[in-house]
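Heads up, query-v4.tsv below (TSV, C-alpha atoms):
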chain	number	residue	atom	x	y	z
C	1415	MET	CA	-4.95	-11.06	-6.45
C	1416	PRO	CA	-8.09	-8.95	-7.00
C	1417	ALA	CA	-7.88	-5.27	-7.82
C	1418	GLU	CA	-8.26	-2.92	-4.88
C	1419	TRP	CA	-11.54	-1.49	-6.16
C	1420	GLU	CA	-13.19	-4.92	-6.09
C	1421	ARG	CA	-15.46	-5.65	-3.15
C	1422	HIS	CA	-13.76	-6.01	0.25
C	1423	ALA	CA	-14.64	-8.18	3.21
C	1424	GLY	CA	-12.64	-5.77	5.34
C	1425	THR	CA	-9.57	-3.58	5.73
C	1426	TRP	CA	-6.61	-4.51	7.94
C	1427	ILE	CA	-4.80	-1.80	9.91
C	1428	ALA	CA	-2.13	-2.10	12.62
C	1429	TRP	CA	-2.69	0.59	15.23
C	1430	PRO	CA	0.35	2.86	15.75
C	1431	HIS	CA	2.39	2.38	18.90
C	1432	ASN	CA	6.03	3.02	17.96
C	1433	PRO	CA	6.96	6.70	18.53
C	1434	LYS	CA	10.23	6.13	16.66
C	1435	ASP	CA	8.23	5.86	13.44
C	1436	TRP	CA	7.14	9.50	13.85
C	1437	PRO	CA	9.91	11.08	15.95
C	1438	GLY	CA	8.67	14.27	17.56
C	1439	LYS	CA	5.27	13.98	15.82
C	1440	PHE	CA	3.69	10.86	17.31
C	1441	PRO	CA	0.88	12.41	19.46
C	1442	PRO	CA	-1.41	13.40	16.53
C	1443	VAL	CA	-0.84	10.17	14.58
C	1444	PRO	CA	-3.42	7.95	16.39
C	1445	TRP	CA	-6.05	10.60	15.71
C	1446	VAL	CA	-5.22	10.53	11.99
C	1447	PHE	CA	-5.60	6.74	12.11
C	1448	ALA	CA	-9.00	7.22	13.76
C	1449	GLU	CA	-10.06	9.52	10.92
C	1450	ILE	CA	-8.99	6.88	8.39
C	1451	VAL	CA	-10.98	4.19	10.22
C	1452	LYS	CA	-14.01	6.49	10.46
C	1453	LYS	CA	-14.12	6.91	6.68
C	1454	ILE	CA	-13.75	3.16	6.00
C	1455	VAL	CA	-16.30	1.65	8.43
C	1456	PRO	CA	-19.46	2.78	6.62
C	1457	GLY	CA	-18.59	0.35	3.83
C	1458	GLU	CA	-16.75	-2.50	5.51
C	1459	VAL	CA	-15.37	-3.97	8.70
C	1460	VAL	CA	-11.97	-2.75	9.88
C	1461	ARG	CA	-9.73	-5.43	11.38
C	1462	LEU	CA	-7.41	-3.67	13.82
C	1463	LEU	CA	-4.17	-5.16	15.10
C	1464	VAL	CA	-3.32	-4.20	18.68
C	1465	GLY	CA	-0.55	-5.42	20.94
C	1466	SER	CA	-2.40	-6.24	24.15
C	1467	GLU	CA	-5.60	-5.88	26.15
C	1468	SER	CA	-4.47	-2.51	27.53
C	1469	HIS	CA	-3.53	-1.30	24.03
C	1470	GLU	CA	-6.96	-2.33	22.78
C	1471	SER	CA	-8.61	-0.36	25.59
C	1472	GLN	CA	-6.66	2.77	24.59
C	1473	VAL	CA	-7.67	2.35	20.97
C	1474	ARG	CA	-11.32	1.82	21.85
C	1475	ARG	CA	-11.34	5.12	23.78
C	1476	ILE	CA	-9.87	7.03	20.83
C	1477	LEU	CA	-12.30	5.48	18.36
C	1478	SER	CA	-15.28	6.13	20.64
C	1479	ARG	CA	-14.29	9.77	21.06
C	1480	ASN	CA	-14.34	10.03	17.26
C	1481	GLY	CA	-17.89	8.70	17.12
C	1482	ILE	CA	-16.90	5.44	15.44
C	1483	ASP	CA	-19.28	2.47	15.69
C	1484	LEU	CA	-17.18	-0.16	17.49
C	1485	SER	CA	-19.42	-2.94	16.17
C	1486	ARG	CA	-17.69	-2.29	12.82
C	1487	ILE	CA	-14.26	-3.01	14.34
C	1488	GLU	CA	-12.70	-6.42	14.90
C	1489	PHE	CA	-9.69	-6.42	17.19
C	1490	PHE	CA	-6.83	-8.88	16.84
C	1491	ARG	CA	-4.15	-8.94	19.52
C	1492	PHE	CA	-1.19	-9.52	17.22
C	1493	PRO	CA	1.93	-7.71	18.46
C	1494	THR	CA	3.61	-5.68	15.73
C	1495	ASP	CA	6.92	-3.87	15.33
C	1496	ARG	CA	5.60	-1.15	13.02
C	1497	SER	CA	2.26	-0.01	11.56
C	1498	TRP	CA	2.86	-0.36	7.82
C	1499	THR	CA	0.24	-3.05	7.21
C	1500	ARG	CA	0.46	-2.78	3.41
C	1501	ASP	CA	3.97	-4.22	3.58
C	1502	THR	CA	3.80	-6.50	6.60
C	1503	GLY	CA	0.21	-7.72	6.72
C	1504	PRO	CA	-1.50	-10.59	4.92
C	1505	ILE	CA	-1.77	-10.40	1.13
C	1506	PHE	CA	-5.02	-12.04	0.05
C	1507	VAL	CA	-5.73	-13.95	-3.15
C	1508	LYS	CA	-8.83	-15.63	-4.52
C	1509	ARG	CA	-8.66	-19.36	-5.19
C	1510	SER	CA	-9.01	-20.54	-8.79
C	1511	ARG	CA	-12.07	-22.54	-7.76
C	1512	PRO	CA	-14.60	-20.00	-6.40
C	1513	GLU	CA	-15.93	-22.42	-3.80
C	1514	ALA	CA	-12.42	-22.62	-2.29
C	1515	GLY	CA	-12.68	-18.96	-1.25
C	1516	THR	CA	-9.81	-16.74	-0.14
C	1517	ALA	CA	-6.25	-17.63	0.82
C	1518	ILE	CA	-3.25	-15.74	2.20
C	1519	ILE	CA	0.20	-15.67	0.65
C	1520	ASP	CA	2.96	-15.47	3.23
C	1521	PHE	CA	5.59	-13.34	1.53
C	1522	HIS	CA	8.73	-13.16	3.62
C	1523	PHE	CA	9.30	-9.73	5.15
C	1524	ASN	CA	12.79	-8.57	6.15
C	1525	GLY	CA	12.31	-5.01	7.37
C	1526	TRP	CA	12.61	-3.46	3.90
C	1527	ALA	CA	16.15	-4.93	3.79
C	1528	LYS	CA	17.13	-2.08	6.10
C	1529	TYR	CA	15.65	-2.22	9.60
C	1530	LYS	CA	16.17	-4.76	12.37
C	1531	ASN	CA	12.77	-4.61	14.10
C	1532	TRP	CA	10.64	-6.85	11.91
C	1533	HIS	CA	10.34	-10.25	13.59
C	1534	LYS	CA	6.88	-9.60	15.05
C	1535	ASP	CA	5.65	-8.17	11.75
C	1536	THR	CA	6.72	-11.19	9.74
C	1537	ALA	CA	4.40	-13.41	11.83
C	1538	ILE	CA	1.23	-11.48	10.95
C	1539	PRO	CA	0.17	-13.37	7.78
C	1540	ALA	CA	0.24	-16.73	9.58
C	1541	GLN	CA	-1.65	-15.30	12.56
C	1542	ALA	CA	-4.29	-13.83	10.25
C	1543	ALA	CA	-4.69	-17.11	8.36
C	1544	LYS	CA	-5.23	-18.99	11.62
C	1545	ALA	CA	-7.71	-16.42	12.93
C	1546	LEU	CA	-9.77	-16.46	9.72
C	1547	ASN	CA	-9.29	-20.17	9.00
C	1548	TYR	CA	-7.82	-19.34	5.58
C	1549	ASP	CA	-5.27	-21.48	3.79
C	1550	LEU	CA	-1.75	-20.09	4.00
C	1551	PHE	CA	0.75	-20.53	1.17
C	1552	GLU	CA	4.45	-19.92	1.69
C	1553	ALA	CA	5.97	-17.71	-0.99
C	1554	GLU	CA	9.02	-19.49	-2.39
C	1555	ILE	CA	10.87	-19.71	-5.66
C	1556	ASN	CA	13.58	-22.26	-6.36
C	1557	SER	CA	13.55	-23.27	-2.69
C	1558	HIS	CA	14.25	-19.66	-1.64
C	1559	SER	CA	11.86	-17.55	0.46
C	1560	PHE	CA	10.49	-14.78	-1.73
C	1561	VAL	CA	10.56	-11.30	-0.18
C	1562	LEU	CA	7.78	-8.94	-1.20
C	1563	GLU	CA	6.09	-5.89	0.34
C	1564	GLY	CA	2.56	-5.01	-0.67
C	1565	GLY	CA	3.41	-1.39	-1.40
C	1566	GLY	CA	5.76	-2.48	-4.16
C	1567	ILE	CA	3.01	-3.94	-6.37
C	1568	ASP	CA	-0.33	-2.89	-7.81
C	1569	VAL	CA	-2.66	-5.13	-9.83
C	1570	ASN	CA	-5.63	-4.67	-12.13
C	1571	GLY	CA	-7.26	-7.96	-11.09
C	1572	THR	CA	-7.23	-9.46	-14.59
C	1573	GLY	CA	-3.60	-10.41	-14.97
C	1574	SER	CA	-1.40	-7.30	-15.00
C	1575	LEU	CA	0.90	-6.02	-12.27
C	1576	LEU	CA	2.84	-2.78	-11.81
C	1577	THR	CA	6.18	-2.66	-10.02
C	1578	THR	CA	9.58	-0.93	-10.23
C	1579	GLU	CA	13.08	-2.03	-11.07
C	1580	GLU	CA	14.57	0.07	-8.28
C	1581	TRP	CA	12.60	-1.84	-5.65
C	1582	LEU	CA	13.05	-5.42	-6.88
C	1583	LEU	CA	16.05	-5.39	-9.20
C	1584	ASP	CA	18.58	-2.87	-7.88
C	1585	PRO	CA	21.69	-4.95	-7.04
C	1586	GLU	CA	23.01	-2.60	-4.35
C	1587	ILE	CA	20.27	-0.69	-2.51
C	1588	GLN	CA	18.07	-2.55	0.02
C	1589	VAL	CA	18.22	-5.82	-1.90
C	1590	ARG	CA	15.21	-8.04	-1.15
C	1591	ASN	CA	15.98	-11.16	-3.20
C	1592	PRO	CA	19.73	-11.11	-3.92
C	1593	SER	CA	19.90	-14.62	-5.37
C	1594	LEU	CA	17.07	-14.19	-7.89
C	1595	SER	CA	17.18	-13.02	-11.50
C	1596	LYS	CA	14.53	-10.83	-13.11
C	1597	ALA	CA	13.03	-13.90	-14.80
C	1598	GLU	CA	12.82	-15.75	-11.48
C	1599	ILE	CA	11.19	-12.76	-9.79
C	1600	GLU	CA	8.63	-12.56	-12.60
C	1601	LYS	CA	7.96	-16.27	-12.18
C	1602	ALA	CA	7.42	-15.82	-8.44
C	1603	LEU	CA	5.01	-12.92	-8.98
C	1604	SER	CA	3.11	-14.95	-11.55
C	1605	GLU	CA	2.86	-18.10	-9.45
C	1606	HIS	CA	1.84	-16.43	-6.20
C	1607	LEU	CA	-0.38	-13.58	-7.40
C	1608	GLY	CA	-1.91	-15.09	-10.52
C	1609	VAL	CA	-0.55	-12.45	-12.88
C	1610	LYS	CA	0.72	-13.08	-16.39
C	1611	ASN	CA	1.85	-9.61	-17.40
C	1612	ILE	CA	4.31	-7.44	-15.48
C	1613	ILE	CA	4.81	-3.75	-16.26
C	1614	TRP	CA	8.22	-2.63	-15.04
C	1615	LEU	CA	8.65	1.03	-14.18
C	1616	GLY	CA	12.06	2.49	-13.33
C	1617	ARG	CA	12.71	4.42	-10.14
C	1618	GLY	CA	10.49	5.56	-7.30
C	1619	ILE	CA	10.14	9.06	-5.93
C	1620	PHE	CA	12.76	10.80	-3.80
C	1621	GLY	CA	12.20	10.56	-0.06
C	1622	ASP	CA	10.79	7.03	-0.35
C	1623	ASP	CA	12.48	4.99	2.38
C	1624	THR	CA	11.61	1.75	0.56
C	1625	HIS	CA	13.51	2.77	-2.60
C	1626	GLY	CA	10.88	2.38	-5.25
C	1627	HIS	CA	7.48	1.31	-3.97
C	1628	VAL	CA	5.03	1.75	-6.81
C	1629	ASP	CA	2.18	2.93	-4.57
C	1630	ASP	CA	3.90	6.30	-4.28
C	1631	LEU	CA	3.92	6.95	-8.02
C	1632	CYS	CA	1.58	4.84	-10.17
C	1633	ARG	CA	-1.70	3.00	-9.50
C	1634	PHE	CA	-4.31	1.11	-11.47
C	1635	VAL	CA	-7.70	2.83	-11.36
C	1636	ARG	CA	-9.40	0.61	-13.95
C	1637	ARG	CA	-8.44	-2.61	-15.66
C	1638	ASN	CA	-6.89	-0.68	-18.52
C	1639	ALA	CA	-5.95	2.65	-16.89
C	1640	VAL	CA	-3.45	4.00	-14.38
C	1641	VAL	CA	-2.82	7.30	-12.67
C	1642	LEU	CA	0.80	8.37	-12.70
C	1643	ALA	CA	2.22	11.10	-10.49
C	1644	ARG	CA	3.70	13.86	-12.66
C	1645	GLU	CA	5.98	16.67	-11.51
C	1646	ARG	CA	5.48	20.02	-13.26
C	1647	ASN	CA	8.65	21.69	-11.99
C	1648	PRO	CA	11.58	20.63	-14.22
C	1649	ASN	CA	13.99	21.66	-11.46
C	1650	ASP	CA	12.53	19.20	-8.96
C	1651	GLU	CA	14.52	15.99	-8.53
C	1652	ASN	CA	11.38	13.93	-9.17
C	1653	TYR	CA	10.73	15.49	-12.57
C	1654	ARG	CA	13.03	13.28	-14.65
C	1655	VAL	CA	12.19	10.15	-12.65
C	1656	LEU	CA	8.46	10.52	-13.24
C	1657	GLU	CA	8.84	11.51	-16.88
C	1658	GLU	CA	10.93	8.40	-17.52
C	1659	ASN	CA	8.16	6.30	-16.01
C	1660	TYR	CA	5.63	8.11	-18.20
C	1661	GLU	CA	7.73	7.21	-21.25
C	1662	ARG	CA	7.82	3.57	-20.20
C	1663	LEU	CA	4.06	3.49	-19.86
C	1664	GLN	CA	3.65	4.77	-23.42
C	1665	GLY	CA	5.05	1.47	-24.64
C	1666	ALA	CA	3.48	-0.74	-21.98
C	1667	ARG	CA	0.89	-3.38	-22.76
C	1668	LEU	CA	-1.75	-5.09	-20.65
C	1669	GLU	CA	-2.42	-8.80	-20.40
C	1670	ASP	CA	-4.57	-8.65	-23.54
C	1671	SER	CA	-1.85	-6.71	-25.45
C	1672	SER	CA	-3.86	-3.48	-25.37
C	1673	ARG	CA	-2.27	-0.18	-24.41
C	1674	VAL	CA	-2.43	1.32	-20.95
C	1675	GLU	CA	-4.37	4.56	-20.59
C	1676	VAL	CA	-2.21	6.94	-18.55
C	1677	LEU	CA	-3.86	9.70	-16.51
C	1678	SER	CA	-1.84	12.35	-14.71
C	1679	LEU	CA	-1.95	13.01	-10.98
C	1680	PRO	CA	-0.14	16.10	-9.67
C	1681	MET	CA	2.63	16.07	-7.10
C	1682	PRO	CA	2.51	18.35	-4.05
C	1683	ALA	CA	5.36	20.77	-3.43
C	1684	PRO	CA	8.31	19.04	-1.71
C	1685	LEU	CA	7.92	18.50	2.03
C	1686	TYR	CA	10.93	18.40	4.34
C	1687	PHE	CA	11.33	17.66	8.05
C	1688	ASN	CA	14.68	18.17	9.75
C	1689	GLY	CA	16.20	18.63	6.30
C	1690	GLN	CA	14.91	15.25	5.08
C	1691	ARG	CA	12.58	15.01	2.11
C	1692	VAL	CA	9.53	12.84	2.80
C	1693	PRO	CA	7.54	10.86	0.19
C	1694	ALA	CA	4.51	13.14	-0.09
C	1695	SER	CA	2.39	11.80	-2.97
C	1696	TYR	CA	-1.29	11.70	-3.81
C	1697	ALA	CA	-0.75	8.28	-5.41
C	1698	ASN	CA	-0.75	6.76	-1.92
C	1699	PHE	CA	-4.56	6.76	-1.83
C	1700	TYR	CA	-6.63	3.79	-0.62
C	1701	ILE	CA	-9.78	2.49	-2.31
C	1702	SER	CA	-12.28	1.17	0.26
C	1703	ASN	CA	-15.80	-0.08	-0.45
C	1704	SER	CA	-17.48	3.25	0.15
C	1705	ALA	CA	-14.70	5.84	-0.08
C	1706	VAL	CA	-11.36	6.67	-1.66
C	1707	LEU	CA	-9.05	8.10	0.99
C	1708	VAL	CA	-6.45	10.51	-0.39
C	1709	PRO	CA	-3.52	12.02	1.55
C	1710	THR	CA	-3.49	15.82	1.48
C	1711	PHE	CA	-0.64	18.17	2.36
C	1712	ASN	CA	-1.99	21.73	2.76
C	1713	ASP	CA	-0.97	22.27	-0.84
C	1714	PRO	CA	-2.78	23.99	-3.77
C	1715	ALA	CA	-2.52	20.71	-5.67
C	1716	ASP	CA	-4.69	18.96	-3.04
C	1717	ARG	CA	-7.88	20.09	-4.77
C	1718	ILE	CA	-6.61	19.06	-8.19
C	1719	ALA	CA	-5.71	15.57	-6.99
C	1720	LEU	CA	-9.06	15.12	-5.25
C	1721	GLY	CA	-10.84	16.27	-8.41
C	1722	VAL	CA	-8.94	13.83	-10.64
C	1723	LEU	CA	-9.77	10.90	-8.38
C	1724	ALA	CA	-13.40	11.99	-7.90
C	1725	GLU	CA	-13.91	11.74	-11.67
C	1726	LEU	CA	-12.35	8.27	-11.70
C	1727	PHE	CA	-14.42	6.91	-8.79
C	1728	PRO	CA	-17.90	8.44	-9.19
C	1729	ASP	CA	-19.46	5.62	-7.14
C	1730	ARG	CA	-17.38	6.40	-4.04
C	1731	GLU	CA	-16.87	9.45	-1.84
C	1732	VAL	CA	-13.36	10.83	-2.39
C	1733	VAL	CA	-12.07	12.10	0.94
C	1734	GLY	CA	-8.93	14.05	1.77
C	1735	ILE	CA	-7.05	12.96	4.90
C	1736	HIS	CA	-4.60	15.50	6.34
C	1737	ALA	CA	-1.25	13.69	6.07
C	1738	VAL	CA	1.43	16.27	6.85
C	1739	ASP	CA	2.12	14.64	10.22
C	1740	LEU	CA	1.53	11.12	8.92
C	1741	VAL	CA	4.08	11.35	6.09
C	1742	TRP	CA	6.87	12.07	8.57
C	1743	GLY	CA	6.70	8.31	9.16
C	1744	LEU	CA	7.71	7.98	5.47
C	1745	GLY	CA	4.34	6.62	4.37
C	1746	THR	CA	0.67	7.57	4.30
C	1747	ILE	CA	-2.75	5.98	3.79
C	1748	HIS	CA	-2.08	3.16	1.34
C	1749	CYS	CA	1.01	2.12	3.29
C	1750	LEU	CA	-1.14	1.69	6.43
C	1751	THR	CA	-3.97	-0.39	4.95
C	1752	GLN	CA	-4.43	-3.80	3.38
C	1753	GLN	CA	-7.66	-4.96	1.74
C	1754	GLU	CA	-9.21	-8.37	2.29
C	1755	PRO	CA	-11.35	-9.29	-0.75
C	1756	ALA	CA	-14.94	-10.39	-0.29

Rewrite the coordinates I just gave you, this time as structure tokens.
Amino acid sequence: MPAEWERHAGTWIAWPHNPKDWPGKFPPVPWVFAEIVKKIVPGEVVRLLVGSESHESQVRRILSRNGIDLSRIEFFRFPTDRSWTRDTGPIFVKRSRPEAGTAIIDFHFNGWAKYKNWHKDTAIPAQAAKALNYDLFEAEINSHSFVLEGGGIDVNGTGSLLTTEEWLLDPEIQVRNPSLSKAEIEKALSEHLGVKNIIWLGRGIFGDDTHGHVDDLCRFVRRNAVVLARERNPNDENYRVLEENYERLQGARLEDSSRVEVLSLPMPAPLYFNGQRVPASYANFYISNSAVLVPTFNDPADRIALGVLAELFPDREVVGIHAVDLVWGLGTIHCLTQQEPA
């Protein structure tokens, strides 16, 4: 699996249609999606999943009103349950022989081991493979389907992968692969994603409905460097969680046995809706060909986070996307996108 900053053929996004994902806040969400698409299309095609011809017509009107060049959009009428394409969409890998091109790994999806509306979503990788004429490989280990969501992993493209124990190994909370040991899970990650070195962090941030997705706390930004969300307030419930992950990274090694460079990314002040904490985090940014899209939260730390990432990606525009409404769906920009490597 290539690193996200490597060249893309396109970005996959499932257009929002389920008001239950943003209860009481759905009306502005399609316009936030349009802003995300607008920032991606200068550098690559956006492949949009819509449910029907009428849904596509609605989306076209919104995109046109935002001044988006529709020739940069490819529509696929694949019905979806939800819009979290990072977790439900195709995960692309490069073949070991360059002339063989790109393939899709069909990781089983089970609604984050929590929700019941996932049967349409789990069909997306096969539909994408057929539409693109890519080979499709079923993710299995020891004759068991292997469950994996894209937001739970991050790779550097040369053999190392980041993930968390809470997400994949917790024996009680939203268990994805109950019959598999840690060694078997590592084997499955290695076989299907071409990695040989797995860096295990501990727990994810509070408010994360997935219980531990790594894209809310730690991301590769270079082959040998990561940004890690750090909480400055020792009284915040995320403080100890993130410091423990920082301590783990101090002893972590990459695929070549070198140390990982750890750069700090701030956390915004806690956000709550209806008394529920939501997973507001700048680590949920998305690296497209021409821009890095960063969720912002009307917080003083917004400018700090944008500055940190601007220094790390001098060849791309670093853009803030207002995500206060978006995060009420318990995810932001990275959760909604999936890159297809060139």

From the list C:Ile1482, C:Leu1575, C:Ala1542, C:Ile1735, which residue is nearest Val1609 of chain C when using all atoms listed in the file?
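With all atoms listed in the file as the atom set, the closest residue is C:Leu1575.
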
Rank nothing, just name the residue among C:Glu1586, C:Glu1470, C:Glu1600, C:Asp1535 nearest to Phe1560 of chain C, using only C-alpha atoms.
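Among C:Glu1586, C:Glu1470, C:Glu1600, C:Asp1535, it is C:Glu1600 that comes nearest to Phe1560 of chain C.
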
Excluding segment 1721-1729 of chain C and residues on its chain fewer than 5 positions from it, collect all residues at most 8 Å away from it, counting all atoms listed in the file, and give them as number ranges by chain.
C: 1635, 1679, 1704, 1706

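Around segment 1648-1664 of chain C, within 10 Å and counting all atoms listed in the file, the residues found are Thr1578, Ile1613, Trp1614, Leu1615, Gly1616, Arg1617, Gly1618, Ile1619, Phe1620, Gly1621, Leu1631, Cys1632, Val1640, Leu1642, Ala1643, Arg1644, Arg1673, Val1674, Glu1675, Val1676, Leu1677, Ser1678, Met1681, Ala1683 and Pro1684 of chain C, once anything fewer than 4 positions away on its own chain is removed.
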
How many Å lie between atom CA of Pro1585 of chain C and atom CA of Ile1612 of chain C, rounded to one decimal?
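Computing the Euclidean distance for atom CA of Pro1585 of chain C and atom CA of Ile1612 of chain C yields 19.5 Å.
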
What separates atom CA of Ser1595 of chain C and atom CA of Ala1553 of chain C is a distance of 16.1 Å

Would you mind telling me which residue in C:Glu1579, C:Glu1645, C:Asp1670, C:Asp1549 lies nearest to Ala1517 of chain C when using only C-alpha atoms?
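Smallest separation from Ala1517 of chain C among the options: C:Asp1549.
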
Neighbouring residues of Tyr1529 of chain C were defined as those with any atom within 12 Å, considering only C-alpha atoms; residues of the same chain fewer than 6 positions away were excluded. Please report them as number ranges by chain.
C: 1435, 1495-1496, 1523, 1535, 1588, 1623-1624

Could you jot down the atom CA of Phe1699 of chain C to atom CA of Pro1442 of chain C separation for me, Å, one decimal place?
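It comes out at 19.8 Å.
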
Could you tell me which of C:Gly1525, C:Gly1565, C:Pro1456, C:Pro1592 comes closest to Glu1731 of chain C if we count all atoms listed in the file?
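Of C:Gly1525, C:Gly1565, C:Pro1456, C:Pro1592, the one nearest Glu1731 of chain C is C:Pro1456, counting all atoms listed in the file.
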
For Asn1698 of chain C: contacts at 6 Å, only C-alpha atoms, fewer than 5 positions along chain excluded, given as JSON, numbers by chain
{"C": [1629, 1630, 1748]}

Same residues, C-alpha atoms, output as an mmCIF file, in the frame of the given file:
data_model
loop_
_atom_site.group_PDB
_atom_site.id
_atom_site.type_symbol
_atom_site.label_atom_id
_atom_site.label_comp_id
_atom_site.auth_asym_id
_atom_site.auth_seq_id
_atom_site.Cartn_x
_atom_site.Cartn_y
_atom_site.Cartn_z
ATOM 1 C CA ASP C 1629 2.180 2.930 -4.570
ATOM 2 C CA ASP C 1630 3.900 6.300 -4.280
ATOM 3 C CA HIS C 1748 -2.080 3.160 1.340
#

Selection near segment 1707-1717 of chain C, 8 Å with all atoms listed in the file, sequence-local residues under 4 positions removed, as a list in words
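Here the answer would be Ile1450, Lys1453, Pro1680, Met1681, Pro1682, Ala1683, Ala1694, Ser1695, Tyr1696, Ala1697, Asn1698, Phe1699, Tyr1700, Ile1701, Ser1702, Gly1721, Val1732, Val1733, Gly1734, Ile1735, His1736, Ala1737, Val1738, Thr1746 and Ile1747 of chain C.
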
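Nearest-residue note for Phe1492 of chain C: choosing from C:Asn1703, C:Ser1510, C:Gln1541, C:Ser1559, the minimum distance belongs to C:Gln1541, counting all atoms listed in the file.
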
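Distances to Gly1515 of chain C were evaluated for C:Asn1611, C:Pro1755, C:Glu1467, C:Ala1540 using only C-alpha atoms, and the minimum falls at C:Pro1755.
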